[in-house]
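S.K.: This is the structure, below, for whatever I ask next.
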Amino acid sequence: MIKRPFFAITKPKLRGSRIWGLPKEVLAEVPLPKKVTFLVKGPFPKVAELMIGVGDRVRTGQKVRLATDRGDYFISSVTGTISSLSPYSGYMGQANTAVSVNVTEKDQGDDEFSRVAKDVSLQNALKYLASLPGAPDFGSLVSSKPPLEALVVTGVDSDLLVTKNQFVVDTEAEGLKQGIETLKKISGIQRIILLVPNYLKVKAEKTGAEVKAMDPLYPSTLPRMVMKNLFGKAVPVGKRCEDLGIGFVSAEAVVALHKAFSEGQVPIHKLVTVIKKEGSTVQARARIGTPVKDVLNALNIETSQGDRVVLGGPMAGLALFSEEAPVLADTEAILVQDKAQIVPGSDTHCVNCGECVKVCPAKMPVNMLIRYLENGRFEEAAQGYDLLSCIECGLCTYVCIVRIPIFQYITLGKQEVARIRSAEEAHA
Amino acid sequence: MLNEKLLVGSHAPYWHNGISIREKSYHTLLAALPAVLMGIYQFGVPALRVMALSISCAMLWELILNRVMRRPVTIGDGDAAVIGLLFGMLLPATAPWWVVVLGTAVAVTVGKWIYGGLGGNPLNPALVAIATLIISYKGVMDLDQAYLNYDFSFPAADPLKAVKALGTAAVARYSLTGLLMGQQVGGVGTIFALGLMVGGLYLILRGLIRWEISLSYIVGVLVTAYAFNLVHPDKYAGPWFHLLAGYTLLGAFFLITEYSSSPVNLIPMLIFGAGAGVMTILIRNIGGFTDGVVFAILLFNIANPLLDKIRPRALGRSK
């Protein structure tokens, strides 16, 4: 944990970690787990529409559709039998469907994708590669209006201590080069920018792509800050980066895309940075769907009552209530914190110290905003105090002298505003 | 299920930079120490008595109010101690015990808790108490009367009062070095200008107070005092005298920078500080009170919410 320096007249400088010449063996392989779980977005399908059931067999690399009335699918990363199907409530009540698979020892490959893999097209990517490691958003390539002008391949990691994407740039330069070509081919977008931290610039340039190097000073690694600092475009409130013609895809996904088409098999291994209790990091390679518990066991990391396990980095990750939760396609990191490192929040009022206002990259009046949010006045917070400008970096909460969970209040506020507004539209 | 290991769930971020109100309070106490020690050195045991009584009374009132209002006990965060400290620093060393008890009661109750406690106060609690005393009890805050029984090696008259009565002729009796080194009568913690500057600088470097407010306040005082001095050099004292005499430096570093009664955006901070600085000199030179710091800061405390509406446009907001 980076503490406040003794002299703290300037803003905190939180620089992302780097992977200076790490020996290759830090890449730890997580053995095949006994059970894996896949999460598919969307509410649990109607029973009549279900296409799979408990006891069905799935093969490695097989595309498994959930329901007849929806296109949603997952790619099974193991061979085994489905052991359970259940609704799963995710972050902020997001509805998901969880599918658990009991793993049999031997992998049996599925050849559905290999039969079509010669046709390197967006159609096939949409059809088979939606749950590629790194979770690329192929949908935005099709649906964005106006169409995307440029794609940013992120070789920087947005959160602190996470080094997964940098690791990919460092170790898989060739795959990245080929992947960028594949990406150009399927998307038809000619401008592909490889975004890397300064120290990887030379390596990144070998890919032949347009390289932009940056100082990975948090939160300038977040997409909305990249838009502002690198492209000079501030994303308007209520819009996404894609609405301004720029899409983001992680370096890991680009390499996986190349592997998928060149090898004719959907990649099923996910790279995650595991941040240990004492702050050191290890890259772990696990099947998508592996329970976090198995990853930690493989690395000999012990947790005990009262510790915290987070999917993601220290600033913007999601805390888990159970180690049974799976590593997902979009999981960047696993952070393990000892109970002694946990700084509890408090319900004290804001004292107006102004640290949050000073540190906010979106220049929001956080001190006023939190007063409205604490009292449940979400609509006023959105209209008068820029609630919706928040880029969700978490710095306000990091510096808060009375330790108010500001970030949580903000996400709650955003969700409530969206709910109020959609209800108003429905009744208009 | 009962034996299952429970993890701590909470919202991001999972890091904190470690700052707390307790740390801020204790470092404020530390920063004030040089000035307070000089006060005790100059005025002796009575000064120590005032400080000790003031801090302990303020904490006691806080504890009583915690109990009465059924809130968690908050004396541990040191905020009450800071209120007591600042109130004690403003008092003359000979202040009777009931002034301290009453004053801290006003500071903690009317200044802080009726607004809901820490962070709710629109005015600086210590200044609310001092203002109440100045208005309610004539003579309690009169420095000339307070130190009648002392035998100082320096002029024992309140410098600001002397200047107000006699014009610049009185200034000659005070050397700037003397004022800087605590050779003046005043509140227990207000006489040692150098000590206050060192303490203030410490708080600024630690990032515990907003330097923009302190700086603009000092600039406001200096510029206004200089302008007055330029027009009537024989009637109004110069800027350096005003900076070093009275409550100016305690105000600049410890009072005006109180968190919840001051703005947080850059332009409002500059207006707030400079405005209070100008107002201080206006009150001193042409107002009815000897020292303008108390009322100037209180006045701008009231303007704070309005001033803080001037703020930069947030990311992604159109005009």
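For the structure tokens, the naming scheme is as follows: chains receive sequential letters (A, B, ...) according to their order of presentation, residues are indexed from 1 within each chain, and ligands are indexed from 1 in presentation order.
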Run DSSP on the backbone of this structure and report the residues of region 37-69 of chain A it assigns to strand (DSSP E or B), as number ranges by chain.

M.R.: A: 37-41, 50, 57-58, 60, 63-65, 67

S.K.: Please report as a ChimeraX atom specification which residues of chain A come no farther than 7 Å from chain B, using only C-alpha atoms.

M.R.: /A:1-4,6-9,234-237,304-308,314-322,343,349-354,362-364,386,389,394,397-399,401-402,407-408

S.K.: Produce a file of the selected residues containing N, CA and C atoms, as a CSV table (one decimal), in the first residue's frame.

M.R.:
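Result file follows (part_27.csv):
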chain,number,residue,atom,x,y,z
A,1,MET,N,0.9,-1.2,0.0
A,1,MET,CA,0.0,0.0,0.0
A,1,MET,C,0.9,1.2,0.0
A,2,ILE,N,0.6,2.2,-0.9
A,2,ILE,CA,1.4,3.4,-1.0
A,2,ILE,C,0.8,4.4,0.0
A,3,LYS,N,1.6,4.7,1.0
A,3,LYS,CA,1.2,5.7,2.0
A,3,LYS,C,1.4,7.1,1.6
A,4,ARG,N,0.8,8.0,2.3
A,4,ARG,CA,1.0,9.4,2.1
A,4,ARG,C,2.5,9.7,2.5
A,6,PHE,N,5.7,12.0,3.8
A,6,PHE,CA,5.8,12.9,4.9
A,6,PHE,C,5.5,14.3,4.4
A,7,PHE,N,6.1,14.8,3.4
A,7,PHE,CA,5.8,16.0,2.8
A,7,PHE,C,4.8,15.8,1.7
A,8,ALA,N,3.6,16.4,1.8
A,8,ALA,CA,2.5,16.0,0.9
A,8,ALA,C,1.9,17.2,0.3
A,9,ILE,N,2.7,18.2,-0.2
A,9,ILE,CA,2.1,19.4,-0.7
A,9,ILE,C,1.5,19.2,-2.1
A,234,ALA,N,-12.4,15.1,-24.7
A,234,ALA,CA,-13.0,14.8,-23.5
A,234,ALA,C,-14.3,14.1,-23.8
A,235,VAL,N,-14.5,12.9,-23.2
A,235,VAL,CA,-15.7,12.2,-23.5
A,235,VAL,C,-16.9,12.8,-22.8
A,236,PRO,N,-17.9,13.3,-23.6
A,236,PRO,CA,-19.0,14.0,-22.9
A,236,PRO,C,-19.8,13.1,-22.0
A,237,VAL,N,-20.4,13.7,-21.0
A,237,VAL,CA,-21.2,13.0,-20.0
A,237,VAL,C,-22.3,12.2,-20.7
A,304,SER,N,-7.0,-16.2,5.2
A,304,SER,CA,-7.7,-16.6,6.5
A,304,SER,C,-8.8,-15.7,6.7
A,305,GLN,N,-9.6,-16.1,7.7
A,305,GLN,CA,-10.8,-15.3,8.1
A,305,GLN,C,-10.5,-13.8,8.2
A,306,GLY,N,-11.2,-12.9,7.5
A,306,GLY,CA,-11.0,-11.5,7.6
A,306,GLY,C,-10.1,-10.9,6.6
A,307,ASP,N,-9.5,-11.7,5.8
A,307,ASP,CA,-8.7,-11.2,4.7
A,307,ASP,C,-9.6,-10.7,3.6
A,308,ARG,N,-9.0,-10.1,2.6
A,308,ARG,CA,-9.8,-9.6,1.4
A,308,ARG,C,-9.2,-10.1,0.1
A,314,PRO,N,-6.0,-2.7,-6.9
A,314,PRO,CA,-6.3,-2.1,-5.7
A,314,PRO,C,-7.2,-0.9,-5.8
A,315,MET,N,-7.3,-0.2,-6.9
A,315,MET,CA,-8.1,1.0,-7.0
A,315,MET,C,-9.5,0.8,-7.5
A,316,ALA,N,-9.6,-0.2,-8.4
A,316,ALA,CA,-11.0,-0.3,-9.1
A,316,ALA,C,-11.5,-1.8,-9.2
A,317,GLY,N,-10.9,-2.7,-8.4
A,317,GLY,CA,-11.3,-4.1,-8.5
A,317,GLY,C,-12.6,-4.3,-7.8
A,318,LEU,N,-13.0,-5.6,-7.8
A,318,LEU,CA,-14.2,-6.0,-7.1
A,318,LEU,C,-13.9,-7.0,-6.0
A,319,ALA,N,-14.3,-6.7,-4.8
A,319,ALA,CA,-14.0,-7.6,-3.7
A,319,ALA,C,-14.9,-8.9,-3.8
A,320,LEU,N,-14.3,-10.0,-3.5
A,320,LEU,CA,-15.1,-11.3,-3.6
A,320,LEU,C,-15.6,-11.6,-2.2
A,321,PHE,N,-16.8,-12.2,-2.1
A,321,PHE,CA,-17.2,-12.8,-0.9
A,321,PHE,C,-16.9,-14.2,-0.7
A,322,SER,N,-16.5,-14.8,-1.8
A,322,SER,CA,-16.1,-16.2,-1.7
A,322,SER,C,-15.0,-16.5,-2.7
A,343,VAL,N,-8.1,-1.0,5.5
A,343,VAL,CA,-8.5,0.2,6.2
A,343,VAL,C,-10.0,0.4,6.1
A,349,HIS,N,-19.0,12.5,8.7
A,349,HIS,CA,-19.3,13.4,7.7
A,349,HIS,C,-18.1,13.9,7.0
A,350,CYS,N,-18.3,14.5,5.8
A,350,CYS,CA,-17.2,15.2,5.1
A,350,CYS,C,-16.8,16.4,5.9
A,351,VAL,N,-15.4,16.6,6.1
A,351,VAL,CA,-15.0,17.7,6.8
A,351,VAL,C,-14.5,18.8,5.9
A,352,ASN,N,-14.6,18.6,4.6
A,352,ASN,CA,-14.3,19.7,3.6
A,352,ASN,C,-12.8,19.9,3.5
A,353,CYS,N,-12.0,18.9,3.6
A,353,CYS,CA,-10.5,19.1,3.6
A,353,CYS,C,-10.0,19.5,2.2
A,354,GLY,N,-10.8,19.0,1.2
A,354,GLY,CA,-10.5,19.4,-0.2
A,354,GLY,C,-9.5,18.6,-0.9
A,362,ALA,N,-11.3,14.4,-13.0
A,362,ALA,CA,-12.5,14.9,-13.7
A,362,ALA,C,-12.9,16.2,-13.2
A,363,LYS,N,-12.2,16.8,-12.3
A,363,LYS,CA,-12.5,18.1,-11.7
A,363,LYS,C,-13.9,18.2,-11.2
A,364,MET,N,-14.3,17.2,-10.5
A,364,MET,CA,-15.7,17.2,-9.9
A,364,MET,C,-15.6,17.9,-8.5
A,386,ASP,N,-22.2,17.3,-11.0
A,386,ASP,CA,-21.4,16.5,-11.9
A,386,ASP,C,-21.2,15.0,-11.6
A,389,SER,N,-19.9,12.8,-14.4
A,389,SER,CA,-18.6,13.0,-15.0
A,389,SER,C,-17.5,12.0,-14.5
A,394,GLY,N,-11.3,6.1,-8.2
A,394,GLY,CA,-11.2,5.8,-6.8
A,394,GLY,C,-10.2,6.6,-6.0
A,397,THR,N,-11.5,8.5,-2.7
A,397,THR,CA,-11.6,7.6,-1.5
A,397,THR,C,-10.3,7.3,-1.0
A,398,TYR,N,-9.3,7.2,-1.9
A,398,TYR,CA,-7.9,6.9,-1.4
A,398,TYR,C,-7.4,8.0,-0.5
A,399,VAL,N,-7.7,9.2,-0.8
A,399,VAL,CA,-7.1,10.3,-0.1
A,399,VAL,C,-8.1,10.9,1.0
A,401,ILE,N,-9.8,12.0,4.2
A,401,ILE,CA,-9.2,12.0,5.5
A,401,ILE,C,-10.2,11.4,6.5
A,402,VAL,N,-11.5,11.4,6.3
A,402,VAL,CA,-12.4,10.8,7.2
A,402,VAL,C,-12.8,9.4,6.7
A,407,PHE,N,-16.3,6.5,-3.5
A,407,PHE,CA,-16.5,5.7,-4.7
A,407,PHE,C,-17.7,4.9,-4.7
A,408,GLN,N,-18.0,4.2,-3.6
A,408,GLN,CA,-19.2,3.4,-3.5
A,408,GLN,C,-20.5,4.3,-3.6

S.K.: Which residue, B:Val231, B:Lys164, B:Ala170, B:Ala32, has the smallest gap to Gly292 (chain B) when you use only C-alpha atoms?

M.R.: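 Using only C-alpha atoms, Gly292 (chain B) sits closest to B:Lys164.
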
S.K.: List the spatial neighbours of region 122-132 of chain B as a compact mmCIF listing (two decimals) with N, CA, C and O atoms, in the first residue's frame - criterion: any atom at most 10 Å away, only C-alpha atoms, same-chain residues fewer than 5 positions off excluded.

M.R.:
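Wrote it out as around_28.txt, contents follow:
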# COMPACT_ATOMS: atom_id res chain seq x y z
N ALA B 80 -11.43 18.21 19.23
CA ALA B 80 -11.78 19.04 20.39
C ALA B 80 -10.52 19.63 21.01
O ALA B 80 -10.51 20.80 21.40
N VAL B 82 -7.85 20.44 19.45
CA VAL B 82 -7.40 21.54 18.59
C VAL B 82 -8.24 22.79 18.83
O VAL B 82 -7.72 23.90 18.90
N ILE B 83 -9.55 22.61 18.98
CA ILE B 83 -10.42 23.75 19.28
C ILE B 83 -9.98 24.39 20.59
O ILE B 83 -9.81 25.61 20.68
N GLY B 84 -9.74 23.56 21.60
CA GLY B 84 -9.29 24.07 22.90
C GLY B 84 -7.95 24.77 22.79
O GLY B 84 -7.74 25.83 23.37
N LEU B 85 -7.07 24.18 22.00
CA LEU B 85 -5.74 24.76 21.80
C LEU B 85 -5.83 26.15 21.18
O LEU B 85 -5.26 27.11 21.68
N LEU B 86 -6.59 26.25 20.09
CA LEU B 86 -6.68 27.53 19.39
C LEU B 86 -7.38 28.57 20.26
O LEU B 86 -6.98 29.73 20.30
N PHE B 87 -8.41 28.15 20.99
CA PHE B 87 -9.11 29.07 21.87
C PHE B 87 -8.16 29.58 22.96
O PHE B 87 -8.07 30.78 23.23
N GLY B 88 -7.40 28.65 23.53
CA GLY B 88 -6.44 29.03 24.57
C GLY B 88 -5.37 29.97 24.04
O GLY B 88 -4.95 30.91 24.71
N MET B 89 -4.92 29.72 22.82
CA MET B 89 -3.88 30.56 22.23
C MET B 89 -4.36 31.99 22.04
O MET B 89 -3.56 32.93 22.06
N LEU B 90 -5.65 32.14 21.82
CA LEU B 90 -6.19 33.48 21.57
C LEU B 90 -6.38 34.27 22.87
O LEU B 90 -6.46 35.50 22.85
N LEU B 91 -6.50 33.58 23.99
CA LEU B 91 -6.77 34.25 25.26
C LEU B 91 -5.52 34.86 25.85
O LEU B 91 -4.43 34.33 25.69
N VAL B 99 -13.81 32.22 32.18
CA VAL B 99 -13.77 32.61 30.76
C VAL B 99 -13.39 31.40 29.90
O VAL B 99 -13.98 31.13 28.86
N VAL B 100 -12.42 30.64 30.41
CA VAL B 100 -11.97 29.46 29.66
C VAL B 100 -13.09 28.41 29.59
O VAL B 100 -13.40 27.87 28.53
N LEU B 102 -16.35 28.80 30.03
CA LEU B 102 -17.48 29.28 29.22
C LEU B 102 -17.12 29.30 27.73
O LEU B 102 -17.90 28.84 26.89
N GLY B 103 -15.93 29.82 27.46
CA GLY B 103 -15.51 29.95 26.06
C GLY B 103 -15.43 28.60 25.35
O GLY B 103 -15.95 28.43 24.24
N THR B 104 -14.83 27.61 26.00
CA THR B 104 -14.73 26.29 25.35
C THR B 104 -16.12 25.67 25.20
O THR B 104 -16.38 24.99 24.21
N ALA B 105 -17.00 25.96 26.17
CA ALA B 105 -18.37 25.44 26.05
C ALA B 105 -19.04 26.02 24.81
O ALA B 105 -19.66 25.30 24.02
N VAL B 106 -18.87 27.34 24.61
CA VAL B 106 -19.45 27.97 23.42
C VAL B 106 -18.81 27.40 22.16
O VAL B 106 -19.50 27.05 21.20
N ALA B 107 -17.49 27.26 22.19
CA ALA B 107 -16.78 26.78 20.99
C ALA B 107 -17.25 25.39 20.59
O ALA B 107 -17.58 25.14 19.43
N VAL B 108 -17.29 24.49 21.56
CA VAL B 108 -17.62 23.10 21.22
C VAL B 108 -19.12 22.93 20.97
O VAL B 108 -19.52 22.19 20.06
N THR B 109 -19.94 23.63 21.74
CA THR B 109 -21.39 23.46 21.55
C THR B 109 -21.90 24.28 20.36
O THR B 109 -22.36 23.74 19.36
N VAL B 110 -21.80 25.62 20.51
CA VAL B 110 -22.36 26.49 19.47
C VAL B 110 -21.48 26.45 18.21
O VAL B 110 -21.97 26.54 17.09
N GLY B 111 -20.17 26.31 18.41
CA GLY B 111 -19.28 26.33 17.26
C GLY B 111 -19.31 25.04 16.47
O GLY B 111 -19.14 25.05 15.25
N LYS B 112 -19.51 23.91 17.14
CA LYS B 112 -19.35 22.64 16.44
C LYS B 112 -20.58 21.74 16.51
O LYS B 112 -21.13 21.36 15.48
N TRP B 113 -21.04 21.39 17.73
CA TRP B 113 -21.98 20.28 17.83
C TRP B 113 -23.41 20.60 17.42
O TRP B 113 -24.14 19.70 17.00
N TYR B 115 -24.24 21.92 14.89
CA TYR B 115 -24.32 21.68 13.44
C TYR B 115 -24.12 20.20 13.11
O TYR B 115 -24.00 19.84 11.95
N TYR B 137 -18.42 40.28 27.12
CA TYR B 137 -17.72 40.69 28.34
C TYR B 137 -16.65 41.71 28.00
O TYR B 137 -15.55 41.35 27.58
N MET B 141 -11.01 40.59 27.04
CA MET B 141 -10.00 40.42 26.01
C MET B 141 -9.08 41.64 25.89
O MET B 141 -8.33 41.76 24.93
N GLY B 251 -4.05 33.60 12.74
CA GLY B 251 -5.21 33.57 11.84
C GLY B 251 -4.84 32.95 10.50
O GLY B 251 -5.54 32.08 9.98
N LEU B 255 -6.30 29.51 11.93
CA LEU B 255 -7.73 29.79 12.07
C LEU B 255 -8.46 29.79 10.73
O LEU B 255 -9.46 29.11 10.55
N ILE B 256 -7.94 30.55 9.78
CA ILE B 256 -8.65 30.69 8.51
C ILE B 256 -8.61 29.39 7.71
O ILE B 256 -9.44 29.14 6.84
N THR B 257 -7.64 28.54 8.02
CA THR B 257 -7.49 27.30 7.25
C THR B 257 -8.35 26.16 7.78
O THR B 257 -8.27 25.04 7.28
N GLU B 258 -9.17 26.42 8.79
CA GLU B 258 -10.04 25.38 9.33
C GLU B 258 -10.86 24.80 8.17
O GLU B 258 -11.43 25.54 7.37
N TYR B 259 -10.92 23.46 8.10
CA TYR B 259 -11.45 22.80 6.90
C TYR B 259 -12.86 23.21 6.52
O TYR B 259 -13.12 23.69 5.43
N SER B 260 -13.81 22.96 7.42
CA SER B 260 -15.19 23.00 6.94
C SER B 260 -15.71 24.42 6.78
O SER B 260 -16.77 24.62 6.20
N SER B 261 -14.96 25.43 7.28
CA SER B 261 -15.46 26.80 7.12
C SER B 261 -14.71 27.54 6.02
O SER B 261 -14.84 28.75 5.90
N SER B 262 -13.93 26.82 5.21
CA SER B 262 -13.21 27.50 4.13
C SER B 262 -13.43 26.77 2.81
O SER B 262 -13.72 25.57 2.79
N VAL B 293 -8.91 40.39 13.04
CA VAL B 293 -8.78 39.02 12.54
C VAL B 293 -10.03 38.19 12.82
O VAL B 293 -10.57 37.53 11.93
N VAL B 294 -10.52 38.27 14.07
CA VAL B 294 -11.64 37.43 14.49
C VAL B 294 -12.86 37.65 13.60
O VAL B 294 -13.41 36.71 13.02
N PHE B 295 -13.25 38.93 13.48
CA PHE B 295 -14.49 39.18 12.74
C PHE B 295 -14.30 39.08 11.23
O PHE B 295 -15.21 38.68 10.52
N ILE B 297 -12.41 36.94 9.65
CA ILE B 297 -12.47 35.52 9.26
C ILE B 297 -13.90 34.99 9.40
O ILE B 297 -14.40 34.29 8.52
N LEU B 298 -14.58 35.37 10.48
CA LEU B 298 -15.96 34.90 10.65
C LEU B 298 -16.84 35.37 9.50
O LEU B 298 -17.66 34.62 8.98
N LEU B 299 -16.61 36.62 9.09
CA LEU B 299 -17.41 37.17 7.99
C LEU B 299 -17.20 36.37 6.70
O LEU B 299 -18.15 36.02 6.01
N PHE B 300 -15.93 36.05 6.45
CA PHE B 300 -15.69 35.30 5.21
C PHE B 300 -16.05 33.82 5.35
O PHE B 300 -16.34 33.17 4.35
N ASN B 301 -16.09 33.31 6.57
CA ASN B 301 -16.63 31.96 6.79
C ASN B 301 -18.06 31.90 6.28
O ASN B 301 -18.49 30.91 5.66
N ILE B 302 -18.80 32.97 6.53
CA ILE B 302 -20.20 32.99 6.10
C ILE B 302 -20.29 33.02 4.58
O ILE B 302 -21.16 32.41 3.97
N ALA B 303 -19.33 33.71 3.95
CA ALA B 303 -19.35 33.82 2.48
C ALA B 303 -18.88 32.54 1.80
O ALA B 303 -19.07 32.36 0.60
N ASN B 304 -18.28 31.62 2.57
CA ASN B 304 -17.65 30.44 1.99
C ASN B 304 -18.52 29.61 1.04
O ASN B 304 -18.11 29.35 -0.10
N PRO B 305 -19.75 29.21 1.43
CA PRO B 305 -20.53 28.38 0.50
C PRO B 305 -20.81 29.06 -0.83
O PRO B 305 -20.78 28.43 -1.89

S.K.: In terms of the shortest atom-to-atom distance over only C-alpha atoms, which of A:Lys358, A:Arg287, A:Lys293, A:Lys118 is closest to Leu271 (chain A)?

M.R.: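 Ranked by minimum distance to Leu271 (chain A), first place goes to A:Arg287.
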
S.K.: Kindly indicate which residue among A:Phe167, A:Leu311, A:Lys233, A:Ser346 lies nearest to Val26 (chain A), using only C-alpha atoms for the distances.

M.R.: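 For Val26 (chain A), the nearest of the candidates is A:Phe167.
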
S.K.: From a backbone DSSP assignment, name each residue in region 152-322 of chain A labelled helix (DSSP H, G or I), as a PyMOL selection string.

M.R.: chain A and resi 164-171+173-187+198-205+223-231+241-244+251-263+292-298

S.K.: Would you work out the distance separating CA of Glu62 (chain B) from CA of Thr348 (chain A), expressed in Å to one decimal?

M.R.: 15.6 Å
